[in-house]
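Taking it in order: structure first as structure tokens, then the write-up.
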Amino acid sequence: MQSRRLDLPSLTAIRAFEVAARRQSFKAAADELCVTPAAISRQIKQLEEQLTTVLFVRGHRQVTLTAAGERLFRATNNAFDEITGATREIRGQVADSYLNLHATSSFSRLWMVPRLGRLRQLYPNLHLHLMSVESTPGEADKFDAAVTLGLNELAGYQADFLFAEEIFPVCTPQFLKDNPQADSLQGLQQLPLLDLDPAFWQARWWSPVDWHFWLRHCGVENPKVKAQMYFSHFPMLLDTVLEGLGIGLGWRHLTDELLSSGRLIRPVVESYAAPERKHYFVCRKELEGEPGMQLLRNWLLEETAGLRG
């Protein structure tokens with residue numbers, strides 16, 4: 001058994017290979033694993049050298065698997081499925097006394113975390129297991145509860161509408177002081193604009209809201225904009241805004257706390273209200289009557305009441 005294990009390549013390289021093969025893109029794999037495309041390329045090159053064979057045919061924007069790559073992908077994909085299944089079973093056994101709540105990393109970090117202290121004070125016996133995901137979970141995930149982007153009708157689950165999206169520019173007070181032209185739509189186009197990478201939207205239900213889309217919605221014809229920087233995740237974009245390095249588009253539900261504290265401001269009054277981009281609290285019907293689920297549901301509805309007004 002030990003000699004067989006010695007034949008295993010680097011597990012880091014195998015993980016990079018599996019994601020790149022599944023996404024058919026080194027860049028998309030880098031975004032998913034939160035590393036650079038160069039790191040993905042380096043890991044796969046090392047893997048190819050170790051196996052003495054080519055695994056990918058490199059294209060300009062896409063990569064395709066060779067016959068050897070196809071064989072390795074089938075093996076790695078099956079192995080990761082087995083690991084995922086075992087992990088979920090073990091996690092379920094360990095966390096039986098916890099209420100699992102799925103939500104995007106942006107919602108978890110920027111909306112949930114600042115409010116966890118209040119939730120803890122109100123309901124000290126409510127134990128949550130927060131699960132960060134980048135897409136709405138499906139029925140196969142067998143989740144307890146989730147805050148979802150859009151509503152995917154699932155048998156055995158019930159949903160409550162929480163809020164719809166509203167998007168507007170945000171920056172620091174000092175940035176606006178240093179760049180007073182930021183108080184107009186025309187002036188915004190002359191400043192460092194921060195935007196989300198198009199790949200960010202691949203797991204979302206809706207079309208991307210970037211600066212070009214937002215400015216056109218606000219009446220600017222043929223806006224002349226090019227992002228100063230792109231980010232694969234919204235919290236990174238917001239951290240850069242807070243550093244005073246530019247202006248980003250902010251989602252109301254994710255920036256309310258920062259706006260209320262004065263760390264961020266809205267340089268212009270224009271806003272994009274999107275009533276069709278709805279978020280829901282979804283939970284398993286069999287758990288709907290459980291005390292913990294009722295507390296969580298009622299708390300989320302109360303905390304988001306202002307976003308529905």
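If you're wondering about the labels, chains in the structure tokens are A, B, ... by order shown, residues count from 1 in each chain, ligands from 1 in order shown.
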(message) Considering only strand (DSSP E) as DSSP defines it on the backbone, what residues of stretch 144-276 of chain A qualify? List them as a VMD selection string.
(response) chain A and resid 145 to 149 157 to 170 193 to 196 229 to 231 247 to 251 272 to 276
Any chance you could export the current selection's N, CA and C atoms as an mmCIF file, in the first residue's frame?
data_model
loop_
_atom_site.group_PDB
_atom_site.id
_atom_site.type_symbol
_atom_site.label_atom_id
_atom_site.label_comp_id
_atom_site.auth_asym_id
_atom_site.auth_seq_id
_atom_site.Cartn_x
_atom_site.Cartn_y
_atom_site.Cartn_z
ATOM 1 N N ALA A 145 -31.310 25.227 5.755
ATOM 2 C CA ALA A 145 -31.814 26.562 5.441
ATOM 3 C C ALA A 145 -30.782 27.307 4.612
ATOM 4 N N ALA A 146 -31.247 28.302 3.863
ATOM 5 C CA ALA A 146 -30.341 29.075 3.009
ATOM 6 C C ALA A 146 -30.931 30.447 2.748
ATOM 7 N N VAL A 147 -30.050 31.406 2.516
ATOM 8 C CA VAL A 147 -30.442 32.703 1.967
ATOM 9 C C VAL A 147 -30.050 32.641 0.503
ATOM 10 N N THR A 148 -31.043 32.643 -0.377
ATOM 11 C CA THR A 148 -30.798 32.352 -1.789
ATOM 12 C C THR A 148 -30.935 33.587 -2.670
ATOM 13 N N LEU A 149 -30.234 33.547 -3.794
ATOM 14 C CA LEU A 149 -30.365 34.558 -4.842
ATOM 15 C C LEU A 149 -31.373 34.024 -5.841
ATOM 16 N N TYR A 157 -39.314 22.164 0.519
ATOM 17 C CA TYR A 157 -38.793 23.411 1.069
ATOM 18 C C TYR A 157 -39.836 24.517 0.938
ATOM 19 N N GLN A 158 -39.818 25.465 1.880
ATOM 20 C CA GLN A 158 -40.692 26.635 1.807
ATOM 21 C C GLN A 158 -39.825 27.888 1.843
ATOM 22 N N ALA A 159 -40.342 28.980 1.267
ATOM 23 C CA ALA A 159 -39.536 30.191 1.098
ATOM 24 C C ALA A 159 -40.269 31.429 1.587
ATOM 25 N N ASP A 160 -39.499 32.390 2.105
ATOM 26 C CA ASP A 160 -40.003 33.710 2.496
ATOM 27 C C ASP A 160 -39.170 34.764 1.779
ATOM 28 N N PHE A 161 -39.823 35.734 1.163
ATOM 29 C CA PHE A 161 -39.124 36.832 0.504
ATOM 30 C C PHE A 161 -38.458 37.720 1.549
ATOM 31 N N LEU A 162 -37.181 38.016 1.342
ATOM 32 C CA LEU A 162 -36.443 38.868 2.268
ATOM 33 C C LEU A 162 -36.271 40.290 1.738
ATOM 34 N N PHE A 163 -35.713 40.434 0.526
ATOM 35 C CA PHE A 163 -35.460 41.770 -0.019
ATOM 36 C C PHE A 163 -35.087 41.655 -1.485
ATOM 37 N N ALA A 164 -35.186 42.778 -2.190
ATOM 38 C CA ALA A 164 -34.696 42.893 -3.562
ATOM 39 C C ALA A 164 -33.449 43.782 -3.555
ATOM 40 N N GLU A 165 -32.696 43.734 -4.621
ATOM 41 C CA GLU A 165 -31.421 44.440 -4.658
ATOM 42 C C GLU A 165 -31.571 45.909 -5.047
ATOM 43 N N GLU A 166 -30.672 46.703 -4.527
ATOM 44 C CA GLU A 166 -30.496 48.103 -4.935
ATOM 45 C C GLU A 166 -28.996 48.350 -4.997
ATOM 46 N N ILE A 167 -28.530 48.949 -6.100
ATOM 47 C CA ILE A 167 -27.099 49.099 -6.335
ATOM 48 C C ILE A 167 -26.764 50.551 -6.635
ATOM 49 N N PHE A 168 -25.700 51.053 -6.003
ATOM 50 C CA PHE A 168 -25.271 52.441 -6.185
ATOM 51 C C PHE A 168 -23.781 52.550 -5.895
ATOM 52 N N PRO A 169 -23.115 53.615 -6.377
ATOM 53 C CA PRO A 169 -21.690 53.786 -6.114
ATOM 54 C C PRO A 169 -21.414 54.089 -4.644
ATOM 55 N N VAL A 170 -20.260 53.629 -4.161
ATOM 56 C CA VAL A 170 -19.818 53.927 -2.801
ATOM 57 C C VAL A 170 -18.325 54.254 -2.829
ATOM 58 N N LEU A 193 -12.370 53.342 -11.259
ATOM 59 C CA LEU A 193 -13.557 52.537 -10.986
ATOM 60 C C LEU A 193 -13.141 51.093 -10.722
ATOM 61 N N LEU A 194 -13.723 50.499 -9.705
ATOM 62 C CA LEU A 194 -13.437 49.124 -9.317
ATOM 63 C C LEU A 194 -14.632 48.252 -9.704
ATOM 64 N N ASP A 195 -14.367 47.070 -10.252
ATOM 65 C CA ASP A 195 -15.465 46.252 -10.771
ATOM 66 C C ASP A 195 -15.232 44.778 -10.464
ATOM 67 N N LEU A 196 -16.305 44.003 -10.561
ATOM 68 C CA LEU A 196 -16.227 42.560 -10.375
ATOM 69 C C LEU A 196 -15.864 41.873 -11.687
ATOM 70 N N MET A 229 -9.451 48.259 -11.717
ATOM 71 C CA MET A 229 -9.108 46.945 -11.193
ATOM 72 C C MET A 229 -10.351 46.066 -11.209
ATOM 73 N N TYR A 230 -10.117 44.735 -11.367
ATOM 74 C CA TYR A 230 -11.189 43.749 -11.296
ATOM 75 C C TYR A 230 -10.952 42.846 -10.088
ATOM 76 N N PHE A 231 -12.043 42.315 -9.545
ATOM 77 C CA PHE A 231 -11.965 41.460 -8.362
ATOM 78 C C PHE A 231 -12.857 40.232 -8.550
ATOM 79 N N ILE A 247 -13.672 53.864 -6.546
ATOM 80 C CA ILE A 247 -15.115 53.813 -6.301
ATOM 81 C C ILE A 247 -15.632 52.476 -6.820
ATOM 82 N N GLY A 248 -16.483 51.853 -6.047
ATOM 83 C CA GLY A 248 -17.084 50.594 -6.468
ATOM 84 C C GLY A 248 -18.595 50.678 -6.417
ATOM 85 N N LEU A 249 -19.249 49.777 -7.107
ATOM 86 C CA LEU A 249 -20.693 49.656 -6.979
ATOM 87 C C LEU A 249 -20.992 48.855 -5.721
ATOM 88 N N GLY A 250 -21.924 49.388 -4.921
ATOM 89 C CA GLY A 250 -22.255 48.738 -3.669
ATOM 90 C C GLY A 250 -23.700 48.267 -3.643
ATOM 91 N N TRP A 251 -23.891 47.091 -3.112
ATOM 92 C CA TRP A 251 -25.246 46.567 -2.926
ATOM 93 C C TRP A 251 -25.764 47.033 -1.576
ATOM 94 N N TYR A 272 -29.717 52.102 -8.827
ATOM 95 C CA TYR A 272 -30.403 51.115 -9.654
ATOM 96 C C TYR A 272 -31.203 50.191 -8.747
ATOM 97 N N ALA A 273 -32.523 50.378 -8.725
ATOM 98 C CA ALA A 273 -33.406 49.499 -7.962
ATOM 99 C C ALA A 273 -33.815 48.349 -8.864
ATOM 100 N N ALA A 274 -33.648 47.129 -8.377
ATOM 101 C CA ALA A 274 -33.902 45.940 -9.199
ATOM 102 C C ALA A 274 -34.889 45.025 -8.476
ATOM 103 N N PRO A 275 -36.188 45.331 -8.553
ATOM 104 C CA PRO A 275 -37.169 44.527 -7.818
ATOM 105 C C PRO A 275 -37.228 43.075 -8.251
ATOM 106 N N GLU A 276 -36.722 42.780 -9.466
ATOM 107 C CA GLU A 276 -36.767 41.392 -9.932
ATOM 108 C C GLU A 276 -35.633 40.547 -9.350
#
(message) Residues within 8 Å of stretch 45-50 of chain A, please, as JSON, numbers by chain. Count only C-alpha atoms; anything in the same chain fewer than 6 positions from it doesn't count.
(response) {"A": [9, 10, 13, 14]}
So that I have them on file, write out the residues from the current selection with C-alpha atoms, as a compact mmCIF listing (two decimals), in the first residue's frame.
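Wrote selection37.txt, looks like this:
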# COMPACT_ATOMS: atom_id res chain seq x y z
CA PRO A 9 1.37 13.23 -7.58
CA SER A 10 1.03 16.41 -5.53
CA ALA A 13 -1.52 19.92 -8.36
CA ILE A 14 -4.33 17.35 -8.63
(message) Ranking A:Gly150, A:Arg109, A:Pro208, A:Ile44 by minimum distance to A:Leu11 and counting only C-alpha atoms, which one comes first?
(response) A:Ile44
(request) Could you jot down the atom CA of A:Leu130 to atom CA of A:Asp144 separation for me, Å, one decimal place? (result) 10.9 Å
(request) Please report, as JSON, numbers by chain, each residue of stretch 146-190 of chain A to which DSSP assigns helix (DSSP H, G or I) when run on this structure's backbone. (result) {"A": [173, 174, 175, 176, 177, 178, 180, 181, 182, 183, 185, 186, 187, 188]}
Store the residues picked out above in a file with C-alpha atoms, as an mmCIF file, in the first residue's frame.
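Okay, this is what ended up in selection_17.cif:
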data_model
loop_
_atom_site.group_PDB
_atom_site.id
_atom_site.type_symbol
_atom_site.label_atom_id
_atom_site.label_comp_id
_atom_site.auth_asym_id
_atom_site.auth_seq_id
_atom_site.Cartn_x
_atom_site.Cartn_y
_atom_site.Cartn_z
ATOM 1 C CA PRO A 173 -15.508 60.392 2.555
ATOM 2 C CA GLN A 174 -11.828 61.214 2.015
ATOM 3 C CA PHE A 175 -11.930 59.916 -1.565
ATOM 4 C CA LEU A 176 -14.842 62.232 -2.369
ATOM 5 C CA LYS A 177 -13.034 65.130 -0.686
ATOM 6 C CA ASP A 178 -9.948 64.463 -2.824
ATOM 7 C CA PRO A 180 -15.061 66.240 -5.828
ATOM 8 C CA GLN A 181 -15.969 65.420 -9.441
ATOM 9 C CA ALA A 182 -17.232 62.077 -8.110
ATOM 10 C CA ASP A 183 -20.540 63.761 -7.250
ATOM 11 C CA LEU A 185 -22.243 60.724 -13.387
ATOM 12 C CA GLN A 186 -19.899 62.421 -15.839
ATOM 13 C CA GLY A 187 -17.269 62.937 -13.154
ATOM 14 C CA LEU A 188 -17.437 59.302 -12.066
#
Report as a CSV table (one decimal) with N, CA, C and O atoms, in the first residue's frame all protein, DNA and RNA residues lying within 10 Å of A:Phe26, evaluated on only C-alpha atoms, omitting residues in the same chain fewer than 2 positions from it.
chain,number,residue,atom,x,y,z
A,16,ALA,N,-5.7,21.5,-8.6
A,16,ALA,CA,-5.7,22.5,-9.6
A,16,ALA,C,-6.1,21.9,-11.0
A,16,ALA,O,-6.8,22.5,-11.7
A,17,PHE,N,-5.6,20.7,-11.2
A,17,PHE,CA,-6.0,20.0,-12.5
A,17,PHE,C,-7.5,19.8,-12.6
A,17,PHE,O,-8.1,20.0,-13.6
A,19,VAL,N,-10.1,21.2,-11.1
A,19,VAL,CA,-10.9,22.4,-11.3
A,19,VAL,C,-10.7,23.0,-12.7
A,19,VAL,O,-11.6,23.4,-13.4
A,20,ALA,N,-9.4,23.0,-13.2
A,20,ALA,CA,-9.2,23.5,-14.5
A,20,ALA,C,-9.8,22.7,-15.6
A,20,ALA,O,-10.4,23.2,-16.6
A,21,ALA,N,-9.8,21.3,-15.4
A,21,ALA,CA,-10.5,20.4,-16.4
A,21,ALA,C,-12.0,20.6,-16.3
A,21,ALA,O,-12.7,20.6,-17.4
A,23,ARG,N,-13.7,23.4,-15.4
A,23,ARG,CA,-14.0,24.7,-15.8
A,23,ARG,C,-13.5,25.0,-17.2
A,23,ARG,O,-13.9,26.0,-17.8
A,24,GLN,N,-12.6,24.1,-17.7
A,24,GLN,CA,-12.0,24.3,-19.1
A,24,GLN,C,-11.3,25.7,-19.2
A,24,GLN,O,-11.3,26.3,-20.3
A,28,ALA,N,-10.5,30.6,-14.8
A,28,ALA,CA,-11.7,30.2,-14.0
A,28,ALA,C,-11.3,29.4,-12.8
A,28,ALA,O,-11.8,29.5,-11.7
A,29,ALA,N,-10.3,28.5,-13.1
A,29,ALA,CA,-9.9,27.6,-12.0
A,29,ALA,C,-9.2,28.5,-10.9
A,29,ALA,O,-9.3,28.3,-9.7
A,30,ALA,N,-8.4,29.5,-11.4
A,30,ALA,CA,-7.7,30.4,-10.4
A,30,ALA,C,-8.7,31.1,-9.6
A,30,ALA,O,-8.6,31.3,-8.4
A,31,ASP,N,-9.8,31.6,-10.2
A,31,ASP,CA,-10.9,32.3,-9.5
A,31,ASP,C,-11.5,31.4,-8.4
A,31,ASP,O,-11.7,31.9,-7.3
A,32,GLU,N,-11.8,30.2,-8.8
A,32,GLU,CA,-12.5,29.3,-7.9
A,32,GLU,C,-11.6,29.0,-6.7
A,32,GLU,O,-12.1,28.8,-5.5
A,36,THR,N,-3.7,32.8,-8.4
A,36,THR,CA,-3.5,33.4,-9.7
A,36,THR,C,-3.5,32.4,-10.8
A,36,THR,O,-3.1,31.2,-10.6
A,37,PRO,N,-3.8,32.8,-12.1
A,37,PRO,CA,-3.7,31.9,-13.2
A,37,PRO,C,-2.3,31.3,-13.4
A,37,PRO,O,-2.1,30.1,-13.8
A,38,ALA,N,-1.3,32.1,-13.0
A,38,ALA,CA,0.1,31.6,-13.2
A,38,ALA,C,0.3,30.4,-12.2
A,38,ALA,O,1.1,29.5,-12.5
A,39,ALA,N,-0.3,30.5,-11.0
A,39,ALA,CA,-0.1,29.4,-10.1
A,39,ALA,C,-0.8,28.1,-10.6
A,39,ALA,O,-0.2,27.0,-10.4
A,40,ILE,N,-1.9,28.3,-11.2
A,40,ILE,CA,-2.6,27.1,-11.8
A,40,ILE,C,-1.8,26.5,-12.9
A,40,ILE,O,-1.5,25.3,-13.0
A,41,SER,N,-1.3,27.4,-13.8
A,41,SER,CA,-0.4,26.9,-14.9
A,41,SER,C,0.8,26.2,-14.4
A,41,SER,O,1.2,25.2,-14.9
A,44,ILE,N,-0.1,22.7,-13.0
A,44,ILE,CA,-0.4,21.7,-14.0
A,44,ILE,C,0.9,21.3,-14.8
A,44,ILE,O,1.1,20.2,-15.2
A,58,ARG,N,-3.7,23.8,-24.9
A,58,ARG,CA,-3.9,25.2,-24.5
A,58,ARG,C,-4.4,26.0,-25.7
A,58,ARG,O,-3.8,26.0,-26.7
A,61,ARG,N,-8.4,31.3,-24.9
A,61,ARG,CA,-9.3,31.6,-23.8
A,61,ARG,C,-9.8,30.3,-23.1
A,61,ARG,O,-10.4,30.4,-22.1
A,62,GLN,N,-9.5,29.1,-23.7
A,62,GLN,CA,-10.0,27.9,-23.2
A,62,GLN,C,-9.0,26.8,-23.4
A,62,GLN,O,-8.1,26.8,-24.2
A,63,VAL,N,-9.1,25.8,-22.5
A,63,VAL,CA,-8.2,24.6,-22.6
A,63,VAL,C,-9.1,23.4,-22.7
A,63,VAL,O,-10.2,23.3,-22.2
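Shortest separation to A:Asp256 among A:Glu286, A:Asp210, A:Glu153, A:Glu303 occurs at residue A:Glu303, atoms counted being only C-alpha atoms.
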(request) Check the smallest atom-to-atom distance from each of A:Pro137, A:Tyr123, A:Trp111, A:Asn152 to A:Arg252 using only C-alpha atoms, then report the winner. (result)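 Ranked by minimum distance to A:Arg252, first place goes to A:Trp111.
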